[in-house]
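K.L.:
Would you mind keeping the following structure in view while I ask a few things?
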Amino acid sequence: MHALEKILAAHAGLEKVTSGEIVNCKIDIAGINDLYPQTMYSFREIGGEKVANPDSVVIFLDHYAPASTIKQAQTHSEFRQFAKEQGIEKLMDVNTGVCHQILADKGLVAPGKLIVITDSHTPTHGAFGAFGTGVGATDLACILKTGELWFRVPKVIKINLNGKLAEGVYAKDVILHIIGKVGADFAIYKGVEFAGTLIPQLSVAERMTMCNMTTEMGAKAAYIHPDEVTKAFLTEKGITDYTIYTTDEDYVYDDELTFDVSDIKPQLAAPYSVDNVYDIDQYIGTPVDQAFLGTCTGGRLEDIAVAAKILKGKKIHKDTRMLVVPASMAVQLEAIRQGYINDLLEAGCTFVTPGCAACLGTHEGLIAASETCITSSSRNFPGRMGHNKGKIFLASPATVAASALHGVITDPTPYLK
């Protein structure tokens with residue numbers, strides 16, 4: 001079996017599972033974000049009175065943080081009341097950040113765990129050797145009522161990444177390059193495992209970025225086998241209760257790809273699809289009205305640090321605004337301690353409440369029909385960050401910062417040597 005299959009088998013109380021099989025699994029973490037008040041309504045509609053395991057439930061008020069409409073405020077109010085009624089202690093209010101980063105910050109994710117959240121980018125937690133996947137409101141309501149959920153065991157694709165990244169190239173560039181090559185429908189309802197000589201060179205933050213973006217190729221879950229980097233993270237968080245599952249040597253992958261990352265240049269996903277990927281050379285000099293640094297894909301401490309390195313002592317271009325959205329309050333506090341926020345504020349950046357902000361096109365940084373945004377977030381569909389004629393380029397945090405400096409799409413490499 002693959003490690004992902006072993007996680008499902010363990011949570012289903014079975015010795016063995018195979019791809020395509022339907023299994024019922026006990027859930028370790030059930031997360032609800034504020035896009036899904038229907039979860040509460042469905043819970044009651046199916047006869048739910050008391051949540052089966054309130055200690056496993058986490059409520060995240062992150063997509064509308066803070067509320068910008070009366071309807072959003074009402075949703076938040078209902079979630080807060082639901083948490084009180086049900087004895088759910090893990091309510092992450094509007095000052096806490098994005099769900100995936102919060103779980104990492106608070107030590108709630110670990111190898112071998114089964115994590116289900118009403119958020120499509122939950123494969124992020126494969127970076128820790130966990131099985132993370134997104135579901136809708138009805139499925140999450142079933143978890144609230146029973147503590148369990150059904151899964152169809154996915155086939156698994158292995159992606160080997162070998163070599164060493166060039167200066168100015170990051171995990172975001174690698175995953176964009178891969179998606180550009182395989183397409184946005186390559187891994188629909190499949191697991192994606194990352195392996196190869198590059199992996200030990202990547203930090204936890206970079207691994208989270210790669211696993212996060214497997215959603216953009218349709219993945220059900222992602223997986224990186226825990227190693228010394230993972231164990232160092234677990235030790236830092238004081239996490240001792242976990243199980244590392246290994247893939248059997250005779251496991252047959254559904255597909256296996258190998259990439260030499262040494263020659264990858266900074267990448268861009270151009271409008272209007274995540275798999276519309278090019279080397280940055282194709283778009284250097286394209287004017288940008290907004291640079292957006294943040295979210296569960298590109299708002300971690302390392303991302304803010306590289307932006308500060310590029311912009312310290314400089315000013316962003318007069319015709320470009322740059323929004324910085326820390327992925328969590330913990331990230332923001334550490335960025336303050338390190339001096340990164342001061343450097344970015346002096347450069348002319350605008351800081352936004354930790355959370356999702358403009359990534360989903362609801363508030364805090366929307367773009368107009370005539371505008372172009374370069375962003376470290378995950379999607380560039382029409383209307384994703386505002387008007388459906390606005391243009392969105394996906395890039396690494398370094399490319400976002402360098403582009404804000406000049407007001408046009410810019411290769412960050414010269415600023416990092």
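Residue numbers start at 1 in each chain; chains themselves are named A, B, ... in the order of the structure tokens; ligands are numbered from 1 in the order shown.
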When you look at Cys142 (chain A) with a cut-off of 12 Å (counting only C-alpha atoms), what residues show up, excluding the ones that are within fewer than 2 positions of it in the same chain? I need them as a ChimeraX atom specification.
P.N.:
/A:24-27,30,39-53,116,135-140,144-150
K.L.:
Report, in Å to a single decimal, how far apart CA of Asn276 (chain A) and CA of Gly180 (chain A) are.
P.N.:
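Pair CA of Gly180 (chain A) / CA of Asn276 (chain A) returns 6.0 Å.
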K.L.:
Hey, which bits of region 329-352 of chain A sit within 9 Å of region 300-304 of chain A, and for each residue what's the closest pair of atoms and how far apart in Å (one decimal), counting only C-alpha atoms, rows by chain and increasing number, as a Markdown table?
P.N.:
| residue | atom | partner | partner_atom | distance |
| --- | --- | --- | --- | --- |
| A:Val331 | CA | A:Leu301 | CA | 5.5 |
| A:Gln332 | CA | A:Leu301 | CA | 7.7 |
| A:Glu334 | CA | A:Leu301 | CA | 7.4 |
| A:Ala335 | CA | A:Leu301 | CA | 6.4 |
| A:Tyr340 | CA | A:Ile304 | CA | 6.9 |
| A:Ile341 | CA | A:Ile304 | CA | 8.1 |
| A:Leu344 | CA | A:Ile304 | CA | 8.7 |
K.L.:
I need the chosen residues saved as a compact mmCIF listing (two decimals), in the first residue's frame, with N, CA and C atoms.
P.N.:
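What follows is the written file selection-v4.txt:
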# COMPACT_ATOMS: atom_id res chain seq x y z
N VAL A 331 2.54 34.41 12.09
CA VAL A 331 3.48 34.86 11.06
C VAL A 331 3.69 36.36 11.17
N GLN A 332 2.61 37.10 11.35
CA GLN A 332 2.71 38.55 11.43
C GLN A 332 3.55 38.98 12.64
N GLU A 334 5.91 37.32 14.18
CA GLU A 334 7.32 37.02 13.97
C GLU A 334 7.93 37.95 12.93
N ALA A 335 7.14 38.34 11.93
CA ALA A 335 7.62 39.30 10.94
C ALA A 335 7.89 40.66 11.57
N TYR A 340 10.75 42.73 9.41
CA TYR A 340 10.33 42.68 8.01
C TYR A 340 9.16 43.64 7.74
N ILE A 341 8.24 43.71 8.67
CA ILE A 341 7.07 44.55 8.44
C ILE A 341 7.46 46.02 8.37
N LEU A 344 8.91 46.71 4.98
CA LEU A 344 7.92 46.74 3.91
C LEU A 344 7.00 47.95 4.01
K.L.:
Pick from A:Ile115, A:Phe259, A:Gly238, A:Gly129: nearest to Lys181 (chain A), with only C-alpha atoms counted?
P.N.:
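Closest candidate: A:Phe259.
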K.L.:
I need the residues of region 319-411 of chain A that end up classed as helix (DSSP H, G or I) by DSSP on the backbone, written out as a ChimeraX atom specification.
P.N.:
/A:329-338,340-346,357-360,397-406
K.L.:
Go through A:Gly348, A:Gly390, A:Cys211, A:Glu249 and flag the residue nearest Ala270 (chain A), using only C-alpha atoms for the distances.
P.N.:
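Answer, going by the shortest atom-to-atom distance: A:Gly390.
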K.L.:
What parts of region 103-322 of chain A does DSSP call strand (DSSP E)? I'd like the answer as a PyMOL selection string.
P.N.:
chain A and resi 114-117+131-134+148-152+155-162+190-195+221-224+255-260+267-269+277-279+290-294+321-322
K.L.:
Which distance in Å separates CA of Val153 (chain A) and CA of Val23 (chain A), to one decimal?
P.N.:
7.4 Å
K.L.:
How far is it from CA of Gln267 (chain A) to CA of Asp173 (chain A), in Å with one decimal?
P.N.:
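The value is 5.0 Å.
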K.L.:
Identify, on the basis of only C-alpha atoms, every residue whose closest approach to Pro287 (chain A) does not exceed 10 Å; exclude the query and any residue fewer than 3 positions from it along the same chain; express the result as a PyMOL selection string.
P.N.:
chain A and resi 283-284+290+319-320+371-374+403-404+406-410
K.L.:
Report as CSV the residues of region 69-171 of chain A within 8 Å of region 188-208 of chain A, each with its shortest atom pair and distance in Å (one decimal), using only C-alpha atoms, ordered by chain and increasing residue number.
P.N.:
residue,atom,partner,partner_atom,distance
A:Thr124,CA,A:Met208,CA,5.2
A:His125,CA,A:Met208,CA,6.8
A:Gly126,CA,A:Met208,CA,7.6
A:Ala127,CA,A:Met208,CA,5.2
A:Phe128,CA,A:Val204,CA,8.0
A:Pro154,CA,A:Lys190,CA,4.9
A:Lys155,CA,A:Lys190,CA,5.1
A:Val156,CA,A:Gly191,CA,4.3
A:Ile157,CA,A:Val192,CA,4.9
A:Lys158,CA,A:Glu193,CA,4.8
A:Ile159,CA,A:Phe194,CA,5.0
A:Asn160,CA,A:Gly196,CA,4.7
A:Leu161,CA,A:Gly196,CA,4.7
A:Asn162,CA,A:Thr197,CA,4.8
A:Gly163,CA,A:Leu198,CA,5.9
A:Lys164,CA,A:Leu198,CA,6.3
A:Tyr170,CA,A:Glu206,CA,7.6
A:Ala171,CA,A:Glu206,CA,5.4
K.L.:
Dump C-alpha atoms for the selected residues as a PDB file, in the first residue's frame?
P.N.:
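Here's the written file part_15.pdb:
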ATOM      1  CA  THR A 124      -1.400  21.486   1.920  1.00  0.00           C
ATOM      2  CA  HIS A 125      -1.071  19.175   4.938  1.00  0.00           C
ATOM      3  CA  GLY A 126       0.553  16.476   2.869  1.00  0.00           C
ATOM      4  CA  ALA A 127       3.693  18.514   3.525  1.00  0.00           C
ATOM      5  CA  PHE A 128       3.679  16.947   7.011  1.00  0.00           C
ATOM      6  CA  PRO A 154      -7.406   7.418  -4.557  1.00  0.00           C
ATOM      7  CA  LYS A 155      -4.762   6.217  -6.951  1.00  0.00           C
ATOM      8  CA  VAL A 156      -1.408   7.944  -6.423  1.00  0.00           C
ATOM      9  CA  ILE A 157       0.942   9.732  -8.815  1.00  0.00           C
ATOM     10  CA  LYS A 158       4.618  10.129  -7.927  1.00  0.00           C
ATOM     11  CA  ILE A 159       6.522  13.246  -8.989  1.00  0.00           C
ATOM     12  CA  ASN A 160      10.291  13.048  -8.583  1.00  0.00           C
ATOM     13  CA  LEU A 161      12.070  16.391  -8.303  1.00  0.00           C
ATOM     14  CA  ASN A 162      15.829  16.228  -8.699  1.00  0.00           C
ATOM     15  CA  GLY A 163      18.575  18.844  -8.787  1.00  0.00           C
ATOM     16  CA  LYS A 164      19.147  22.183  -7.098  1.00  0.00           C
ATOM     17  CA  TYR A 170      11.384  28.818  -5.364  1.00  0.00           C
ATOM     18  CA  ALA A 171       8.895  26.033  -4.695  1.00  0.00           C
TER      19      ALA A 171
END
K.L.:
Taking only C-alpha atoms into account, which of A:Lys113, A:Leu91, A:Ala141, A:Ile179 comes nearest Pro37 (chain A)?
P.N.:
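For Pro37 (chain A), the nearest of the candidates is A:Ala141.
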K.L.:
At a cut-off of 12 Å, using only C-alpha atoms, what residues contact Val169 (chain A)? Leave out same-chain residues fewer than 6 positions from it and give the result as JSON, numbers by chain.
P.N.:
{"A": [175, 176, 177, 202, 206, 261, 262, 263, 264, 265, 266, 267, 268, 279, 280, 306, 395, 396, 397, 398, 399, 411, 412, 413, 414, 416, 417]}
K.L.:
Just the selected residues (N, CA and C atoms), exported as an mmCIF file, in the first residue's frame, please.
P.N.:
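New file out_28.cif:
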data_model
loop_
_atom_site.group_PDB
_atom_site.id
_atom_site.type_symbol
_atom_site.label_atom_id
_atom_site.label_comp_id
_atom_site.auth_asym_id
_atom_site.auth_seq_id
_atom_site.Cartn_x
_atom_site.Cartn_y
_atom_site.Cartn_z
ATOM 1 N N ILE A 175 6.235 24.257 -8.703
ATOM 2 C CA ILE A 175 4.892 23.700 -8.852
ATOM 3 C C ILE A 175 4.155 24.334 -10.032
ATOM 4 N N LEU A 176 4.395 25.614 -10.303
ATOM 5 C CA LEU A 176 3.798 26.213 -11.501
ATOM 6 C C LEU A 176 4.343 25.548 -12.768
ATOM 7 N N HIS A 177 5.638 25.286 -12.772
ATOM 8 C CA HIS A 177 6.257 24.617 -13.928
ATOM 9 C C HIS A 177 5.612 23.244 -14.155
ATOM 10 N N LEU A 202 14.177 21.538 0.801
ATOM 11 C CA LEU A 202 13.042 22.445 0.961
ATOM 12 C C LEU A 202 12.627 22.575 2.415
ATOM 13 N N GLU A 206 8.131 25.818 2.110
ATOM 14 C CA GLU A 206 8.171 25.531 0.677
ATOM 15 C C GLU A 206 7.404 24.254 0.345
ATOM 16 N N VAL A 261 14.965 20.068 -11.741
ATOM 17 C CA VAL A 261 14.585 21.438 -11.384
ATOM 18 C C VAL A 261 15.717 22.433 -11.606
ATOM 19 N N SER A 262 16.895 21.947 -11.923
ATOM 20 C CA SER A 262 18.080 22.825 -11.999
ATOM 21 C C SER A 262 17.945 23.914 -13.053
ATOM 22 N N ASP A 263 17.218 23.620 -14.126
ATOM 23 C CA ASP A 263 17.122 24.569 -15.234
ATOM 24 C C ASP A 263 15.844 25.416 -15.202
ATOM 25 N N ILE A 264 15.026 25.244 -14.161
ATOM 26 C CA ILE A 264 13.794 26.018 -14.086
ATOM 27 C C ILE A 264 14.102 27.484 -13.788
ATOM 28 N N LYS A 265 13.468 28.352 -14.551
ATOM 29 C CA LYS A 265 13.580 29.791 -14.322
ATOM 30 C C LYS A 265 12.375 30.257 -13.505
ATOM 31 N N PRO A 266 12.394 31.486 -12.993
ATOM 32 C CA PRO A 266 11.171 32.008 -12.382
ATOM 33 C C PRO A 266 10.003 31.854 -13.348
ATOM 34 N N GLN A 267 8.847 31.408 -12.812
ATOM 35 C CA GLN A 267 7.690 31.080 -13.633
ATOM 36 C C GLN A 267 6.533 32.055 -13.384
ATOM 37 N N LEU A 268 5.654 32.120 -14.373
ATOM 38 C CA LEU A 268 4.408 32.876 -14.250
ATOM 39 C C LEU A 268 3.274 32.025 -14.806
ATOM 40 N N ASP A 279 7.986 30.800 -18.757
ATOM 41 C CA ASP A 279 9.150 31.416 -18.130
ATOM 42 C C ASP A 279 8.884 32.914 -18.013
ATOM 43 N N ILE A 280 9.421 33.524 -16.985
ATOM 44 C CA ILE A 280 9.155 34.942 -16.740
ATOM 45 C C ILE A 280 9.594 35.824 -17.910
ATOM 46 N N VAL A 306 11.601 37.317 2.115
ATOM 47 C CA VAL A 306 12.253 37.545 0.823
ATOM 48 C C VAL A 306 11.769 38.848 0.204
ATOM 49 N N ALA A 395 2.825 34.084 -9.327
ATOM 50 C CA ALA A 395 4.286 34.071 -9.297
ATOM 51 C C ALA A 395 4.761 33.797 -7.881
ATOM 52 N N SER A 396 6.070 33.689 -7.734
ATOM 53 C CA SER A 396 6.651 33.506 -6.399
ATOM 54 C C SER A 396 6.619 34.825 -5.635
ATOM 55 N N PRO A 397 6.715 34.776 -4.302
ATOM 56 C CA PRO A 397 6.786 36.014 -3.519
ATOM 57 C C PRO A 397 7.931 36.928 -3.948
ATOM 58 N N ALA A 398 9.054 36.347 -4.344
ATOM 59 C CA ALA A 398 10.186 37.162 -4.792
ATOM 60 C C ALA A 398 9.836 37.918 -6.061
ATOM 61 N N THR A 399 9.197 37.255 -7.000
ATOM 62 C CA THR A 399 8.796 37.911 -8.247
ATOM 63 C C THR A 399 7.761 38.991 -7.981
ATOM 64 N N ASP A 411 12.118 40.027 -13.168
ATOM 65 C CA ASP A 411 12.860 38.860 -12.676
ATOM 66 C C ASP A 411 13.526 39.244 -11.348
ATOM 67 N N PRO A 412 13.261 38.484 -10.270
ATOM 68 C CA PRO A 412 13.828 38.844 -8.973
ATOM 69 C C PRO A 412 15.290 38.460 -8.788
ATOM 70 N N THR A 413 15.824 37.651 -9.682
ATOM 71 C CA THR A 413 17.148 37.063 -9.493
ATOM 72 C C THR A 413 18.236 38.082 -9.141
ATOM 73 N N PRO A 414 18.341 39.204 -9.844
ATOM 74 C CA PRO A 414 19.423 40.168 -9.518
ATOM 75 C C PRO A 414 19.361 40.711 -8.099
ATOM 76 N N LEU A 416 18.619 39.014 -5.425
ATOM 77 C CA LEU A 416 18.810 37.949 -4.440
ATOM 78 C C LEU A 416 20.240 37.440 -4.394
ATOM 79 N N LYS A 417 21.099 37.942 -5.274
ATOM 80 C CA LYS A 417 22.469 37.475 -5.309
ATOM 81 C C LYS A 417 23.283 38.134 -4.212
#
